[in-house]
Amino acid sequence: KNELVSAEKESKQLSQASEENSKQIKTLESDLCNVNEQNVAILEGRDSVQKDRDGLESETSNLREELATIKSSLASSSNQVATLTTERDNSVKLNDDLSSDIGSAKNKLVSAEEKNEQLTQVFEERLKQIRTLESDLCTMKEENGVLAEDKDRVQQERDGLESETANLQGELESIKS
């Protein structure tokens, strides 16, 4: 009779342990879902940053082309100034207009260079963000792997406990009969 009581207690303990394991598995599955959702959000953020980066690269390329055009225009204006300098007595007004154009071109050049520098800083910041996101993604993948291993281990323990419970119930039934 003591063996029967002891077997019943042990069976109850195993059932409680099995229920605990089931709760832990559900919690781990929920945590895994949350991590997967976070991974999706990180990937979407990474895609957005990549689009921003592509846009900045395109804008930088456009600014370089504009800068080349401005430099070309500036060189052309300088050539015109040299030509007009020899004809200064006949074209003082034209010379003044060209000087004004040169000043405007220089201002555009300075403005373009400043904008290019700002875009370069933004690009570098976005690049840092991408690297951080990639690092975070790697960490999340590692955490997912650990959670999957924990889930497998808990499932194996649960299966073992269920097997033991079934064996103990069989022994209990044989003792009762």
# chains A, B, ... in the order shown; residues from 1 in each chain; ligands from 1
>>> residues_around(residues="segment 69-78 of chain A", least_positions_apart="2", cutoff="10 Å", atoms="only C-alpha atoms", output="mmCIF file with N, CA and C atoms, in the first residue's frame")
data_model
loop_
_atom_site.group_PDB
_atom_site.id
_atom_site.type_symbol
_atom_site.label_atom_id
_atom_site.label_comp_id
_atom_site.auth_asym_id
_atom_site.auth_seq_id
_atom_site.Cartn_x
_atom_site.Cartn_y
_atom_site.Cartn_z
ATOM 1 N N LEU A 63 24.700 65.689 -57.500
ATOM 2 C CA LEU A 63 25.445 66.874 -57.048
ATOM 3 C C LEU A 63 26.832 66.910 -57.683
ATOM 4 N N ARG A 64 27.444 65.746 -57.834
ATOM 5 C CA ARG A 64 28.758 65.715 -58.482
ATOM 6 C C ARG A 64 28.646 66.167 -59.937
ATOM 7 N N GLU A 65 27.587 65.702 -60.601
ATOM 8 C CA GLU A 65 27.379 66.133 -61.980
ATOM 9 C C GLU A 65 27.130 67.640 -62.044
ATOM 10 N N GLU A 66 26.309 68.128 -61.118
ATOM 11 C CA GLU A 66 26.038 69.566 -61.063
ATOM 12 C C GLU A 66 27.318 70.334 -60.765
ATOM 13 N N LEU A 67 28.138 69.801 -59.867
ATOM 14 C CA LEU A 67 29.403 70.437 -59.526
ATOM 15 C C LEU A 67 30.324 70.465 -60.747
ATOM 16 N N GLN A 80 36.135 83.466 -70.794
ATOM 17 C CA GLN A 80 35.478 84.660 -71.328
ATOM 18 C C GLN A 80 36.027 85.922 -70.679
ATOM 19 N N VAL A 81 36.276 85.841 -69.378
ATOM 20 C CA VAL A 81 36.833 87.003 -68.676
ATOM 21 C C VAL A 81 38.203 87.348 -69.249
ATOM 22 N N ALA A 82 39.029 86.317 -69.504
ATOM 23 C CA ALA A 82 40.355 86.575 -70.069
ATOM 24 C C ALA A 82 40.243 87.241 -71.439
ATOM 25 N N THR A 83 39.294 86.755 -72.233
ATOM 26 C CA THR A 83 39.096 87.345 -73.560
ATOM 27 C C THR A 83 38.581 88.779 -73.449
ATOM 28 N N LEU A 84 37.634 88.960 -72.543
ATOM 29 C CA LEU A 84 37.041 90.304 -72.382
ATOM 30 C C LEU A 84 38.016 91.296 -71.757
ATOM 31 N N LEU A 98 29.915 89.585 -66.300
ATOM 32 C CA LEU A 98 30.610 88.298 -66.166
ATOM 33 C C LEU A 98 31.187 88.127 -64.755
ATOM 34 N N SER A 99 31.674 89.186 -64.159
ATOM 35 C CA SER A 99 32.186 89.103 -62.782
ATOM 36 C C SER A 99 31.071 88.696 -61.823
ATOM 37 N N ASP A 101 28.460 86.930 -62.716
ATOM 38 C CA ASP A 101 28.185 85.514 -62.998
ATOM 39 C C ASP A 101 29.194 84.613 -62.293
ATOM 40 N N ILE A 102 30.448 85.037 -62.274
ATOM 41 C CA ILE A 102 31.485 84.240 -61.607
ATOM 42 C C ILE A 102 31.204 84.147 -60.111
ATOM 43 N N GLY A 103 30.826 85.255 -59.508
ATOM 44 C CA GLY A 103 30.490 85.247 -58.072
ATOM 45 C C GLY A 103 29.324 84.314 -57.773
ATOM 46 N N SER A 104 28.325 84.372 -58.648
ATOM 47 C CA SER A 104 27.160 83.496 -58.477
ATOM 48 C C SER A 104 27.561 82.028 -58.613
ATOM 49 N N ALA A 105 28.415 81.740 -59.606
ATOM 50 C CA ALA A 105 28.866 80.362 -59.805
ATOM 51 C C ALA A 105 29.679 79.881 -58.601
ATOM 52 N N LYS A 106 30.500 80.773 -58.062
ATOM 53 C CA LYS A 106 31.287 80.399 -56.874
ATOM 54 C C LYS A 106 30.372 80.114 -55.688
ATOM 55 N N LYS A 108 27.299 79.054 -55.872
ATOM 56 C CA LYS A 108 26.668 77.765 -56.147
ATOM 57 C C LYS A 108 27.634 76.617 -55.849
ATOM 58 N N LEU A 109 28.902 76.828 -56.219
ATOM 59 C CA LEU A 109 29.910 75.804 -55.966
ATOM 60 C C LEU A 109 30.077 75.573 -54.469
ATOM 61 N N ALA A 112 27.010 73.855 -53.209
ATOM 62 C CA ALA A 112 27.000 72.446 -53.610
ATOM 63 C C ALA A 112 27.993 71.643 -52.771
#
>>> residues_around(residues="segment 148-150 of chain A", least_positions_apart="6", cutoff="9 Å", atoms="only C-alpha atoms", output="ChimeraX atom specification")
/A:25,28-29,32
>>> residues_around(residues="segment 14-24 of chain A", least_positions_apart="3", cutoff="10 Å", atoms="only C-alpha atoms", output="count of residues only")
23
>>> atom_distance(atom1="atom CA of Ser61 of chain A", atom2="atom CA of Leu127 of chain A")
17.1 Å
>>> atom_distance(atom1="atom CA of Thr120 of chain A", atom2="atom CA of Thr60 of chain A")
8.0 Å
>>> closest_residue(among="A:Asn116, A:Gln169, A:Thr85, A:Gln50", to="Lys128 of chain A", atoms="only C-alpha atoms")
A:Gln50
>>> closest_residue(among="A:Lys51, A:Glu3, A:Thr86, A:Gln38", to="Thr139 of chain A", atoms="only C-alpha atoms")
A:Gln38
>>> atom_distance(atom1="atom CA of Asp52 of chain A", atom2="atom CA of Phe123 of chain A")
8.5 Å
>>> residues_around(residues="Val49 of chain A", least_positions_apart="5", cutoff="10 Å", atoms="only C-alpha atoms", output="PyMOL selection string")
chain A and resi 43-44+54-55+123+126-127+129-130+133
